[in-house]
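Here's upload.cif, which has mmCIF, N, CA and C atoms:
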```
data_work
loop_
_atom_site.label_atom_id
_atom_site.label_comp_id
_atom_site.auth_asym_id
_atom_site.auth_seq_id
_atom_site.Cartn_x
_atom_site.Cartn_y
_atom_site.Cartn_z
N MET A 1 -77.92 -49.44 46.65
CA MET A 1 -78.68 -49.02 45.50
C MET A 1 -79.58 -47.86 45.91
N ASN A 2 -79.64 -46.83 45.11
CA ASN A 2 -80.48 -45.66 45.36
C ASN A 2 -81.50 -45.57 44.24
N ARG A 3 -82.71 -46.10 44.48
CA ARG A 3 -83.74 -46.11 43.45
C ARG A 3 -85.11 -46.11 44.14
N ILE A 4 -85.97 -45.22 43.66
CA ILE A 4 -87.32 -45.15 44.18
C ILE A 4 -88.29 -45.36 43.03
N THR A 5 -89.42 -45.97 43.33
CA THR A 5 -90.48 -46.18 42.35
C THR A 5 -91.77 -45.67 42.96
N ILE A 6 -92.45 -44.77 42.23
CA ILE A 6 -93.72 -44.25 42.73
C ILE A 6 -94.78 -44.23 41.61
N LYS A 7 -96.03 -44.25 42.05
CA LYS A 7 -97.16 -44.12 41.15
C LYS A 7 -98.05 -43.06 41.76
N GLY A 8 -98.32 -42.00 40.99
CA GLY A 8 -99.14 -40.92 41.51
C GLY A 8 -99.56 -39.96 40.42
N ASN A 9 -100.20 -38.88 40.83
CA ASN A 9 -100.73 -37.88 39.91
C ASN A 9 -99.94 -36.59 39.95
N LEU A 10 -99.74 -35.98 38.76
CA LEU A 10 -99.10 -34.67 38.70
C LEU A 10 -99.99 -33.64 39.37
N THR A 11 -99.40 -32.80 40.20
CA THR A 11 -100.18 -31.78 40.92
C THR A 11 -100.31 -30.49 40.13
N ALA A 12 -99.50 -30.32 39.09
CA ALA A 12 -99.53 -29.14 38.22
C ALA A 12 -98.85 -29.51 36.91
N ASN A 13 -98.98 -28.66 35.91
CA ASN A 13 -98.27 -28.89 34.65
C ASN A 13 -96.77 -28.79 34.90
N PRO A 14 -95.97 -29.56 34.18
CA PRO A 14 -94.52 -29.50 34.35
C PRO A 14 -93.97 -28.11 34.02
N GLU A 15 -92.90 -27.75 34.73
CA GLU A 15 -92.23 -26.46 34.54
C GLU A 15 -90.93 -26.70 33.79
N VAL A 16 -90.78 -26.04 32.63
CA VAL A 16 -89.62 -26.24 31.77
C VAL A 16 -88.64 -25.08 31.96
N LYS A 17 -87.35 -25.43 32.12
CA LYS A 17 -86.29 -24.42 32.24
C LYS A 17 -85.18 -24.79 31.26
N LEU A 18 -84.59 -23.78 30.65
CA LEU A 18 -83.45 -23.99 29.75
C LEU A 18 -82.20 -23.40 30.38
N PHE A 19 -81.13 -24.18 30.42
CA PHE A 19 -79.83 -23.75 30.91
C PHE A 19 -78.80 -24.04 29.83
N ASP A 20 -78.38 -23.02 29.10
CA ASP A 20 -77.38 -23.20 28.04
C ASP A 20 -77.73 -24.36 27.11
N SER A 21 -78.92 -24.34 26.58
CA SER A 21 -79.47 -25.35 25.67
C SER A 21 -79.72 -26.71 26.32
N ASN A 22 -79.58 -26.82 27.62
CA ASN A 22 -79.94 -28.04 28.35
C ASN A 22 -81.30 -27.84 28.99
N LYS A 23 -82.23 -28.71 28.66
CA LYS A 23 -83.59 -28.60 29.18
C LYS A 23 -83.72 -29.38 30.48
N VAL A 24 -84.31 -28.73 31.49
CA VAL A 24 -84.61 -29.37 32.77
C VAL A 24 -86.10 -29.15 33.03
N VAL A 25 -86.80 -30.22 33.35
CA VAL A 25 -88.23 -30.12 33.64
C VAL A 25 -88.46 -30.57 35.07
N ASN A 26 -89.21 -29.76 35.81
CA ASN A 26 -89.57 -30.05 37.19
C ASN A 26 -91.09 -30.21 37.30
N PHE A 27 -91.52 -31.14 38.13
CA PHE A 27 -92.94 -31.29 38.43
C PHE A 27 -93.08 -32.01 39.76
N LYS A 28 -94.29 -31.98 40.30
CA LYS A 28 -94.57 -32.68 41.55
C LYS A 28 -95.60 -33.77 41.30
N VAL A 29 -95.42 -34.87 42.04
CA VAL A 29 -96.34 -36.00 41.97
C VAL A 29 -96.87 -36.26 43.38
N ALA A 30 -98.19 -36.42 43.48
CA ALA A 30 -98.82 -36.75 44.75
C ALA A 30 -99.11 -38.25 44.78
N THR A 31 -98.68 -38.89 45.88
CA THR A 31 -99.00 -40.31 46.08
C THR A 31 -99.90 -40.42 47.30
N ASN A 32 -100.78 -41.41 47.29
CA ASN A 32 -101.74 -41.59 48.37
C ASN A 32 -101.58 -42.94 49.05
N GLU A 33 -101.70 -42.93 50.36
CA GLU A 33 -101.79 -44.17 51.13
C GLU A 33 -103.23 -44.24 51.63
N ARG A 34 -103.85 -45.38 51.47
CA ARG A 34 -105.24 -45.54 51.89
C ARG A 34 -105.37 -45.55 53.40
N ALA A 35 -106.54 -45.14 53.87
CA ALA A 35 -106.85 -45.26 55.30
C ALA A 35 -107.03 -46.73 55.63
N PHE A 36 -106.68 -47.10 56.85
CA PHE A 36 -106.85 -48.50 57.26
C PHE A 36 -106.92 -48.58 58.78
N LYS A 37 -107.36 -49.74 59.24
CA LYS A 37 -107.40 -50.01 60.68
C LYS A 37 -106.33 -51.02 61.02
N THR A 38 -105.66 -50.80 62.14
CA THR A 38 -104.64 -51.73 62.61
C THR A 38 -105.32 -52.91 63.30
N PHE A 39 -104.53 -53.93 63.62
CA PHE A 39 -105.09 -55.11 64.28
C PHE A 39 -105.70 -54.78 65.64
N ASP A 40 -105.17 -53.74 66.31
CA ASP A 40 -105.72 -53.38 67.62
C ASP A 40 -106.86 -52.36 67.51
N GLY A 41 -107.34 -52.08 66.28
CA GLY A 41 -108.52 -51.24 66.10
C GLY A 41 -108.24 -49.75 65.87
N ARG A 42 -106.97 -49.34 65.94
CA ARG A 42 -106.68 -47.93 65.68
C ARG A 42 -106.90 -47.63 64.20
N GLU A 43 -107.44 -46.46 63.92
CA GLU A 43 -107.67 -46.07 62.54
C GLU A 43 -106.54 -45.15 62.08
N ILE A 44 -105.91 -45.52 60.97
CA ILE A 44 -104.85 -44.72 60.37
C ILE A 44 -105.47 -43.99 59.18
N PRO A 45 -105.48 -42.66 59.20
CA PRO A 45 -106.15 -41.91 58.13
C PRO A 45 -105.39 -41.96 56.81
N LYS A 46 -106.10 -41.60 55.74
CA LYS A 46 -105.49 -41.49 54.41
C LYS A 46 -104.37 -40.45 54.50
N ARG A 47 -103.30 -40.71 53.77
CA ARG A 47 -102.15 -39.81 53.81
C ARG A 47 -101.69 -39.54 52.38
N THR A 48 -101.40 -38.29 52.09
CA THR A 48 -100.89 -37.89 50.78
C THR A 48 -99.49 -37.34 50.94
N GLU A 49 -98.57 -37.80 50.11
CA GLU A 49 -97.19 -37.30 50.09
C GLU A 49 -96.96 -36.62 48.74
N TYR A 50 -96.15 -35.57 48.75
CA TYR A 50 -95.83 -34.83 47.53
C TYR A 50 -94.34 -34.98 47.25
N HIS A 51 -94.01 -35.34 46.01
CA HIS A 51 -92.63 -35.63 45.62
C HIS A 51 -92.20 -34.68 44.51
N LYS A 52 -91.04 -34.05 44.68
CA LYS A 52 -90.47 -33.22 43.62
C LYS A 52 -89.73 -34.14 42.66
N VAL A 53 -89.94 -33.93 41.36
CA VAL A 53 -89.33 -34.76 40.33
C VAL A 53 -88.58 -33.87 39.35
N VAL A 54 -87.38 -34.31 38.94
CA VAL A 54 -86.55 -33.60 37.98
C VAL A 54 -86.22 -34.54 36.84
N VAL A 55 -86.33 -34.04 35.60
CA VAL A 55 -85.92 -34.82 34.43
C VAL A 55 -85.09 -33.94 33.50
N ARG A 56 -84.20 -34.58 32.77
CA ARG A 56 -83.31 -33.89 31.83
C ARG A 56 -83.27 -34.64 30.51
N GLY A 57 -82.68 -34.01 29.50
CA GLY A 57 -82.42 -34.66 28.22
C GLY A 57 -83.69 -35.00 27.47
N LYS A 58 -83.66 -36.14 26.76
CA LYS A 58 -84.80 -36.57 25.95
C LYS A 58 -86.03 -36.85 26.80
N LEU A 59 -85.82 -37.28 28.02
CA LEU A 59 -86.95 -37.52 28.91
C LEU A 59 -87.66 -36.21 29.24
N ALA A 60 -86.92 -35.11 29.30
CA ALA A 60 -87.53 -33.79 29.52
C ALA A 60 -88.45 -33.43 28.36
N ASP A 61 -88.04 -33.75 27.13
CA ASP A 61 -88.89 -33.51 25.97
C ASP A 61 -90.18 -34.32 26.06
N PHE A 62 -90.05 -35.58 26.48
CA PHE A 62 -91.21 -36.46 26.64
C PHE A 62 -92.19 -35.87 27.66
N VAL A 63 -91.66 -35.45 28.80
CA VAL A 63 -92.51 -34.89 29.86
C VAL A 63 -93.19 -33.62 29.38
N GLU A 64 -92.44 -32.75 28.74
CA GLU A 64 -93.01 -31.49 28.24
C GLU A 64 -94.14 -31.75 27.24
N THR A 65 -94.00 -32.77 26.40
CA THR A 65 -94.98 -33.07 25.37
C THR A 65 -96.22 -33.78 25.89
N TYR A 66 -96.03 -34.77 26.77
CA TYR A 66 -97.13 -35.66 27.13
C TYR A 66 -97.76 -35.45 28.50
N LEU A 67 -97.02 -34.94 29.47
CA LEU A 67 -97.56 -34.91 30.84
C LEU A 67 -98.25 -33.59 31.16
N LYS A 68 -99.39 -33.70 31.83
CA LYS A 68 -100.18 -32.55 32.25
C LYS A 68 -100.71 -32.77 33.66
N LYS A 69 -101.16 -31.69 34.27
CA LYS A 69 -101.73 -31.76 35.62
C LYS A 69 -102.82 -32.84 35.67
N GLY A 70 -102.76 -33.67 36.72
CA GLY A 70 -103.76 -34.71 36.93
C GLY A 70 -103.41 -36.05 36.32
N HIS A 71 -102.46 -36.08 35.38
CA HIS A 71 -102.09 -37.35 34.77
C HIS A 71 -101.49 -38.31 35.79
N LEU A 72 -101.86 -39.58 35.64
CA LEU A 72 -101.32 -40.64 36.49
C LEU A 72 -100.05 -41.17 35.85
N VAL A 73 -98.96 -41.19 36.63
CA VAL A 73 -97.67 -41.66 36.12
C VAL A 73 -97.07 -42.68 37.07
N PHE A 74 -96.23 -43.51 36.48
CA PHE A 74 -95.39 -44.45 37.22
C PHE A 74 -93.97 -44.05 36.86
N LEU A 75 -93.15 -43.76 37.86
CA LEU A 75 -91.79 -43.32 37.55
C LEU A 75 -90.80 -43.91 38.52
N GLU A 76 -89.54 -43.92 38.07
CA GLU A 76 -88.48 -44.43 38.93
C GLU A 76 -87.18 -43.69 38.64
N GLY A 77 -86.33 -43.69 39.64
CA GLY A 77 -85.02 -43.05 39.53
C GLY A 77 -84.41 -42.86 40.90
N PRO A 78 -83.20 -42.33 40.95
CA PRO A 78 -82.53 -42.11 42.24
C PRO A 78 -83.08 -40.89 42.97
N VAL A 79 -82.96 -40.92 44.28
CA VAL A 79 -83.33 -39.79 45.13
C VAL A 79 -82.05 -39.02 45.44
N ARG A 80 -82.11 -37.71 45.25
CA ARG A 80 -80.94 -36.86 45.53
C ARG A 80 -81.36 -35.68 46.38
N THR A 81 -80.47 -35.28 47.26
CA THR A 81 -80.69 -34.10 48.09
C THR A 81 -79.64 -33.07 47.74
N ARG A 82 -80.09 -31.84 47.50
CA ARG A 82 -79.17 -30.75 47.21
C ARG A 82 -79.40 -29.65 48.23
N GLU A 83 -78.46 -28.75 48.31
CA GLU A 83 -78.60 -27.64 49.25
C GLU A 83 -78.23 -26.34 48.56
N TYR A 84 -78.83 -25.26 49.07
CA TYR A 84 -78.49 -23.92 48.58
C TYR A 84 -78.73 -22.93 49.71
N LYS A 85 -78.23 -21.73 49.53
CA LYS A 85 -78.41 -20.66 50.52
C LYS A 85 -79.52 -19.74 50.05
N ASP A 86 -80.46 -19.43 50.94
CA ASP A 86 -81.52 -18.50 50.58
C ASP A 86 -81.04 -17.06 50.76
N LYS A 87 -81.94 -16.10 50.57
CA LYS A 87 -81.55 -14.68 50.63
C LYS A 87 -81.06 -14.27 52.01
N ASP A 88 -81.44 -15.01 53.05
CA ASP A 88 -80.98 -14.73 54.42
C ASP A 88 -79.76 -15.56 54.79
N ASN A 89 -79.15 -16.20 53.79
CA ASN A 89 -77.97 -17.04 53.96
C ASN A 89 -78.25 -18.29 54.80
N LYS A 90 -79.50 -18.69 54.84
CA LYS A 90 -79.90 -19.91 55.55
C LYS A 90 -79.78 -21.08 54.57
N THR A 91 -79.23 -22.20 55.02
CA THR A 91 -79.08 -23.38 54.17
C THR A 91 -80.43 -24.09 54.02
N ILE A 92 -80.83 -24.29 52.78
CA ILE A 92 -82.08 -24.98 52.46
C ILE A 92 -81.73 -26.31 51.79
N TYR A 93 -82.36 -27.39 52.23
CA TYR A 93 -82.15 -28.71 51.66
C TYR A 93 -83.40 -29.11 50.87
N VAL A 94 -83.18 -29.63 49.67
CA VAL A 94 -84.27 -30.06 48.80
C VAL A 94 -84.01 -31.50 48.38
N THR A 95 -85.00 -32.36 48.57
CA THR A 95 -84.90 -33.76 48.16
C THR A 95 -85.76 -33.95 46.92
N GLU A 96 -85.17 -34.55 45.87
CA GLU A 96 -85.84 -34.70 44.59
C GLU A 96 -85.61 -36.11 44.04
N ILE A 97 -86.57 -36.55 43.23
CA ILE A 97 -86.41 -37.78 42.47
C ILE A 97 -85.90 -37.37 41.10
N HIS A 98 -84.77 -37.91 40.69
CA HIS A 98 -84.23 -37.65 39.35
C HIS A 98 -84.67 -38.81 38.45
N ALA A 99 -85.87 -38.65 37.90
CA ALA A 99 -86.51 -39.74 37.15
C ALA A 99 -85.71 -40.09 35.90
N ASN A 100 -85.54 -41.39 35.68
CA ASN A 100 -84.91 -41.84 34.44
C ASN A 100 -85.81 -42.83 33.69
N ASN A 101 -87.02 -43.05 34.21
CA ASN A 101 -88.01 -43.88 33.53
C ASN A 101 -89.39 -43.39 33.95
N ILE A 102 -90.23 -43.07 32.97
CA ILE A 102 -91.59 -42.58 33.26
C ILE A 102 -92.57 -43.28 32.35
N ASP A 103 -93.65 -43.81 32.95
CA ASP A 103 -94.77 -44.38 32.20
C ASP A 103 -95.98 -43.51 32.46
N LEU A 104 -96.62 -43.03 31.40
CA LEU A 104 -97.87 -42.27 31.51
C LEU A 104 -99.00 -43.28 31.53
N LEU A 105 -99.73 -43.34 32.63
CA LEU A 105 -100.78 -44.35 32.80
C LEU A 105 -102.18 -43.81 32.51
N THR A 106 -102.32 -42.50 32.35
CA THR A 106 -103.62 -41.90 32.08
C THR A 106 -104.07 -42.27 30.67
N PRO A 107 -105.26 -42.86 30.52
CA PRO A 107 -105.74 -43.22 29.18
C PRO A 107 -106.07 -41.97 28.36
N LYS A 108 -105.94 -42.12 27.02
CA LYS A 108 -106.28 -41.01 26.12
C LYS A 108 -107.77 -40.68 26.20
N ASP A 109 -108.60 -41.70 26.35
CA ASP A 109 -110.03 -41.49 26.55
C ASP A 109 -110.52 -42.58 27.49
N ASN A 110 -111.77 -42.55 27.82
CA ASN A 110 -112.31 -43.47 28.81
C ASN A 110 -112.38 -44.92 28.31
N ASN A 111 -112.36 -45.14 27.00
CA ASN A 111 -112.53 -46.49 26.48
C ASN A 111 -111.22 -47.22 26.23
N LYS A 112 -110.14 -46.48 26.07
CA LYS A 112 -108.87 -47.11 25.73
C LYS A 112 -107.83 -46.78 26.78
N SER A 113 -107.12 -47.77 27.21
CA SER A 113 -106.03 -47.57 28.15
C SER A 113 -104.72 -47.82 27.42
N GLU A 114 -103.88 -46.83 27.37
CA GLU A 114 -102.61 -46.96 26.67
C GLU A 114 -101.50 -46.43 27.56
N VAL A 115 -100.41 -47.16 27.61
CA VAL A 115 -99.26 -46.72 28.39
C VAL A 115 -98.24 -46.13 27.42
N VAL A 116 -97.88 -44.88 27.67
CA VAL A 116 -96.84 -44.22 26.90
C VAL A 116 -95.66 -44.09 27.84
N SER A 117 -94.48 -44.54 27.41
CA SER A 117 -93.35 -44.50 28.33
C SER A 117 -92.08 -44.05 27.63
N MET A 118 -91.16 -43.60 28.47
CA MET A 118 -89.87 -43.15 27.98
C MET A 118 -88.85 -43.47 29.05
N GLU A 119 -87.72 -43.99 28.63
CA GLU A 119 -86.65 -44.29 29.57
C GLU A 119 -85.40 -43.53 29.15
N GLN A 120 -84.78 -42.89 30.12
CA GLN A 120 -83.53 -42.16 29.89
C GLN A 120 -82.41 -43.17 29.67
N PRO A 121 -81.56 -42.96 28.66
CA PRO A 121 -80.45 -43.90 28.48
C PRO A 121 -79.53 -43.90 29.70
N VAL A 122 -79.03 -45.06 30.04
CA VAL A 122 -78.12 -45.19 31.17
C VAL A 122 -76.75 -44.67 30.75
N GLU A 123 -76.14 -43.88 31.65
CA GLU A 123 -74.83 -43.33 31.35
C GLU A 123 -73.78 -44.44 31.38
N HIS A 124 -72.80 -44.34 30.52
CA HIS A 124 -71.69 -45.27 30.53
C HIS A 124 -70.71 -44.84 31.61
N GLU A 125 -69.98 -45.78 32.14
CA GLU A 125 -69.02 -45.46 33.19
C GLU A 125 -68.04 -44.38 32.77
N SER A 126 -67.68 -44.36 31.49
CA SER A 126 -66.73 -43.35 31.03
C SER A 126 -67.34 -41.96 31.01
N ASP A 127 -68.67 -41.85 31.05
CA ASP A 127 -69.35 -40.55 31.07
C ASP A 127 -69.49 -39.97 32.47
N LEU A 128 -69.27 -40.79 33.49
CA LEU A 128 -69.43 -40.34 34.86
C LEU A 128 -68.26 -39.46 35.30
N PRO A 129 -68.55 -38.43 36.10
CA PRO A 129 -67.49 -37.49 36.47
C PRO A 129 -66.53 -38.00 37.53
N PHE A 130 -66.72 -39.18 38.08
CA PHE A 130 -65.84 -39.69 39.13
C PHE A 130 -65.26 -41.02 38.78
#
```

What would you get if you wrote out this structure as structure tokens?
Amino acid sequence: MNRITIKGNLTANPEVKLFDSNKVVNFKVATNERAFKTFDGREIPKRTEYHKVVVRGKLADFVETYLKKGHLVFLEGPVRTREYKDKDNKTIYVTEIHANNIDLLTPKDNNKSEVVSMEQPVEHESDLPF
């Protein structure tokens, strides 16, 4: 099974791209690990990881409409690695989360907490290219 689940904050507003009427939205999410001490007394500092996220279809519309820099989200989907050649013909590898479920956890105001979520429909086996 290839599925990751993360909870973190958007580092910038989502970037929308159109490819032949297909919308693709990219954004980054920062996740934090708290600092802690090990049993032998070593201190492990706070650590922040940055994750590239890609969404398509109706979920892309949801992201474009509701998500903004700083918003706290919970998302899940498969991790995929792609490669391309840069201008110097060097192979570049990019690892991305292809989110198919996103929950917006940031409250509309300080008094009310509301979860807004969207889930991408699961493809049918007959829709898969293999």

Helix (DSSP H, G or I) per DSSP on the backbone: members of stretch 11-96 of chain A, as a VMD selection string: chain A and resid 57 to 66

For stretch 61-117 of chain A versus stretch 13-22 of chain A, which residues have an atom no more than 8 Å away, and what is each residue's nearest atom pair and distance in Å rounded to one decimal, using only N, CA and C atoms, chain-then-number order, as CSV?
```
residue,atom,partner,partner_atom,distance
A:Val63,C,A:Pro14,CA,6.6
A:Glu64,CA,A:Pro14,CA,6.6
A:Leu67,C,A:Pro14,N,5.5
A:Lys68,C,A:Asn13,CA,4.7
A:Lys69,N,A:Asn13,CA,4.0
A:Gly70,N,A:Asn13,N,6.3
```

Shell around stretch 75-92 of chain A at 5 Å using only N, CA and C atoms, local window under 4 positions removed, as a list of chain:residue names: A:Asn2, A:Arg3, A:Ile4, A:Thr5, A:Ile6, A:Glu96, A:Ile97, A:His98, A:Ala99, A:Asn100, A:Asn101, A:Ile102, A:Asp103

Residue among A:Val29, A:Val94, A:Val24, A:Val73 lying closest to A:Tyr50, counting only N, CA and C atoms: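 Of the candidates, the smallest distance to A:Tyr50 is held by A:Val29.
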
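Separating atom CA of A:Phe74 from atom CA of A:Leu59 is a distance of 13.7 Å.
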
Strand (DSSP E) per DSSP on the backbone: members of chain A, as an MDAnalysis selection string: chainID A and resid 4:10 15:19 22:33 36:37 43:44 47:56 72:77 79:85 91:98 101:104 116:119

Answer as a list of chain:residue names, residues within 8 Å of (-107.2, -41.3, 55.6) using all atoms listed in the file: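 Nearby residues: A:Glu33, A:Arg34, A:Ala35, A:Phe36, A:Glu43, A:Ile44, A:Pro45, A:Lys46, A:Arg47, A:Thr48.
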
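Taking atom CA of A:Ala30 as the reference point, atom CA of A:Gly8 is found at 5.3 Å.
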
Pairwise distance for atom CA of A:Asn26 and atom N of A:Asn9, rounded to one decimal in Å: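 Straight-line distance from atom CA of A:Asn26 to atom N of A:Asn9 works out to 14.3 Å.
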
Selection in question (the file shown): the PyMOL selection byres ((chain A and resi 53) around 5). Which residues does it include, as a PDB file with N, CA and C atoms, keeping the file's coordinate frame?
```
ATOM      1  N   ASN A  26     -89.210 -29.760  35.810  1.00  0.00           N
ATOM      2  CA  ASN A  26     -89.570 -30.050  37.190  1.00  0.00           C
ATOM      3  C   ASN A  26     -91.090 -30.210  37.300  1.00  0.00           C
ATOM      4  N   PHE A  27     -91.520 -31.140  38.130  1.00  0.00           N
ATOM      5  CA  PHE A  27     -92.940 -31.290  38.430  1.00  0.00           C
ATOM      6  C   PHE A  27     -93.080 -32.010  39.760  1.00  0.00           C
ATOM      7  N   LYS A  28     -94.290 -31.980  40.300  1.00  0.00           N
ATOM      8  CA  LYS A  28     -94.570 -32.680  41.550  1.00  0.00           C
ATOM      9  C   LYS A  28     -95.600 -33.770  41.300  1.00  0.00           C
ATOM     10  N   HIS A  51     -94.010 -35.340  46.010  1.00  0.00           N
ATOM     11  CA  HIS A  51     -92.630 -35.630  45.620  1.00  0.00           C
ATOM     12  C   HIS A  51     -92.200 -34.680  44.510  1.00  0.00           C
ATOM     13  N   LYS A  52     -91.040 -34.050  44.680  1.00  0.00           N
ATOM     14  CA  LYS A  52     -90.470 -33.220  43.620  1.00  0.00           C
ATOM     15  C   LYS A  52     -89.730 -34.140  42.660  1.00  0.00           C
ATOM     16  N   VAL A  54     -87.380 -34.310  38.940  1.00  0.00           N
ATOM     17  CA  VAL A  54     -86.550 -33.600  37.980  1.00  0.00           C
ATOM     18  C   VAL A  54     -86.220 -34.540  36.840  1.00  0.00           C
ATOM     19  N   VAL A  55     -86.330 -34.040  35.600  1.00  0.00           N
ATOM     20  CA  VAL A  55     -85.920 -34.820  34.430  1.00  0.00           C
ATOM     21  C   VAL A  55     -85.090 -33.940  33.500  1.00  0.00           C
ATOM     22  N   ILE A  97     -86.570 -36.550  43.230  1.00  0.00           N
ATOM     23  CA  ILE A  97     -86.410 -37.780  42.470  1.00  0.00           C
ATOM     24  C   ILE A  97     -85.900 -37.370  41.100  1.00  0.00           C
TER      25      ILE A  97
END
```

Nearest residue to A:Leu105 from the set A:Gly57, A:Phe62, A:Leu72, A:Glu49 (distances using all atoms listed in the file):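 Looking only at the distances to A:Leu105, the closest residue turns out to be A:Leu72.
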
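With all atoms listed in the file as the atoms that count, the minimum distance from A:Asn32 to the choices A:Ala12, A:Lys7, A:Met1, A:Arg56 is reached by A:Lys7.
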
Any chance you could turn stretch 23-81 of chain A into a file with C-alpha atoms, as a PDB file, in the first residue's frame?
```
ATOM      1  CA  LYS A  23      -6.491  21.909 -13.615  1.00  0.00           C
ATOM      2  CA  VAL A  24      -3.467  20.950 -11.510  1.00  0.00           C
ATOM      3  CA  VAL A  25      -2.778  22.669  -8.201  1.00  0.00           C
ATOM      4  CA  ASN A  26       0.576  22.493  -6.419  1.00  0.00           C
ATOM      5  CA  PHE A  27       1.396  23.611  -2.890  1.00  0.00           C
ATOM      6  CA  LYS A  28       3.787  22.825  -0.056  1.00  0.00           C
ATOM      7  CA  VAL A  29       2.937  21.750   3.472  1.00  0.00           C
ATOM      8  CA  ALA A  30       5.314  22.074   6.428  1.00  0.00           C
ATOM      9  CA  THR A  31       5.118  19.460   9.175  1.00  0.00           C
ATOM     10  CA  ASN A  32       6.846  19.776  12.542  1.00  0.00           C
ATOM     11  CA  GLU A  33       8.341  17.247  14.910  1.00  0.00           C
ATOM     12  CA  ARG A  34       8.670  18.488  18.471  1.00  0.00           C
ATOM     13  CA  ALA A  35      11.991  18.673  20.273  1.00  0.00           C
ATOM     14  CA  PHE A  36      12.485  15.941  22.844  1.00  0.00           C
ATOM     15  CA  LYS A  37      15.039  14.235  25.049  1.00  0.00           C
ATOM     16  CA  THR A  38      15.969  10.590  24.637  1.00  0.00           C
ATOM     17  CA  PHE A  39      16.177   8.164  27.548  1.00  0.00           C
ATOM     18  CA  ASP A  40      19.953   8.643  27.685  1.00  0.00           C
ATOM     19  CA  GLY A  41      19.568  12.452  27.955  1.00  0.00           C
ATOM     20  CA  ARG A  42      20.406  13.462  24.383  1.00  0.00           C
ATOM     21  CA  GLU A  43      18.333  16.370  23.134  1.00  0.00           C
ATOM     22  CA  ILE A  44      16.739  16.005  19.703  1.00  0.00           C
ATOM     23  CA  PRO A  45      15.886  19.448  18.286  1.00  0.00           C
ATOM     24  CA  LYS A  46      12.617  20.470  16.639  1.00  0.00           C
ATOM     25  CA  ARG A  47      12.559  19.450  12.996  1.00  0.00           C
ATOM     26  CA  THR A  48      10.478  20.810  10.110  1.00  0.00           C
ATOM     27  CA  GLU A  49       9.884  18.869   6.888  1.00  0.00           C
ATOM     28  CA  TYR A  50       8.461  20.358   3.688  1.00  0.00           C
ATOM     29  CA  HIS A  51       6.223  18.255   1.430  1.00  0.00           C
ATOM     30  CA  LYS A  52       5.237  18.969  -2.172  1.00  0.00           C
ATOM     31  CA  VAL A  53       1.553  18.253  -2.791  1.00  0.00           C
ATOM     32  CA  VAL A  54      -0.280  17.849  -6.115  1.00  0.00           C
ATOM     33  CA  VAL A  55      -4.057  17.780  -6.633  1.00  0.00           C
ATOM     34  CA  ARG A  56      -6.201  17.430  -9.751  1.00  0.00           C
ATOM     35  CA  GLY A  57      -9.860  17.486 -10.764  1.00  0.00           C
ATOM     36  CA  LYS A  58     -12.574  18.621  -8.351  1.00  0.00           C
ATOM     37  CA  LEU A  59     -10.129  18.524  -5.471  1.00  0.00           C
ATOM     38  CA  ALA A  60      -8.044  21.145  -7.322  1.00  0.00           C
ATOM     39  CA  ASP A  61     -11.112  23.418  -7.378  1.00  0.00           C
ATOM     40  CA  PHE A  62     -11.547  22.887  -3.624  1.00  0.00           C
ATOM     41  CA  VAL A  63      -7.904  23.754  -2.933  1.00  0.00           C
ATOM     42  CA  GLU A  64      -8.008  26.828  -5.162  1.00  0.00           C
ATOM     43  CA  THR A  65     -11.158  28.093  -3.407  1.00  0.00           C
ATOM     44  CA  TYR A  66     -10.467  27.329   0.252  1.00  0.00           C
ATOM     45  CA  LEU A  67      -6.750  26.903   0.969  1.00  0.00           C
ATOM     46  CA  LYS A  68      -4.377  29.788   1.673  1.00  0.00           C
ATOM     47  CA  LYS A  69      -0.894  30.275   3.091  1.00  0.00           C
ATOM     48  CA  GLY A  70      -0.765  29.334   6.786  1.00  0.00           C
ATOM     49  CA  HIS A  71      -3.885  27.170   6.776  1.00  0.00           C
ATOM     50  CA  LEU A  72      -3.670  23.953   8.761  1.00  0.00           C
ATOM     51  CA  VAL A  73      -4.608  20.896   6.691  1.00  0.00           C
ATOM     52  CA  PHE A  74      -4.842  17.158   7.120  1.00  0.00           C
ATOM     53  CA  LEU A  75      -4.284  15.305   3.863  1.00  0.00           C
ATOM     54  CA  GLU A  76      -3.646  11.854   2.519  1.00  0.00           C
ATOM     55  CA  GLY A  77      -2.729  10.172  -0.723  1.00  0.00           C
ATOM     56  CA  PRO A  78      -0.009   8.187  -2.476  1.00  0.00           C
ATOM     57  CA  VAL A  79       3.607   9.308  -2.718  1.00  0.00           C
ATOM     58  CA  ARG A  80       5.015   9.428  -6.237  1.00  0.00           C
ATOM     59  CA  THR A  81       8.454  10.215  -7.591  1.00  0.00           C
TER      60      THR A  81
END
```
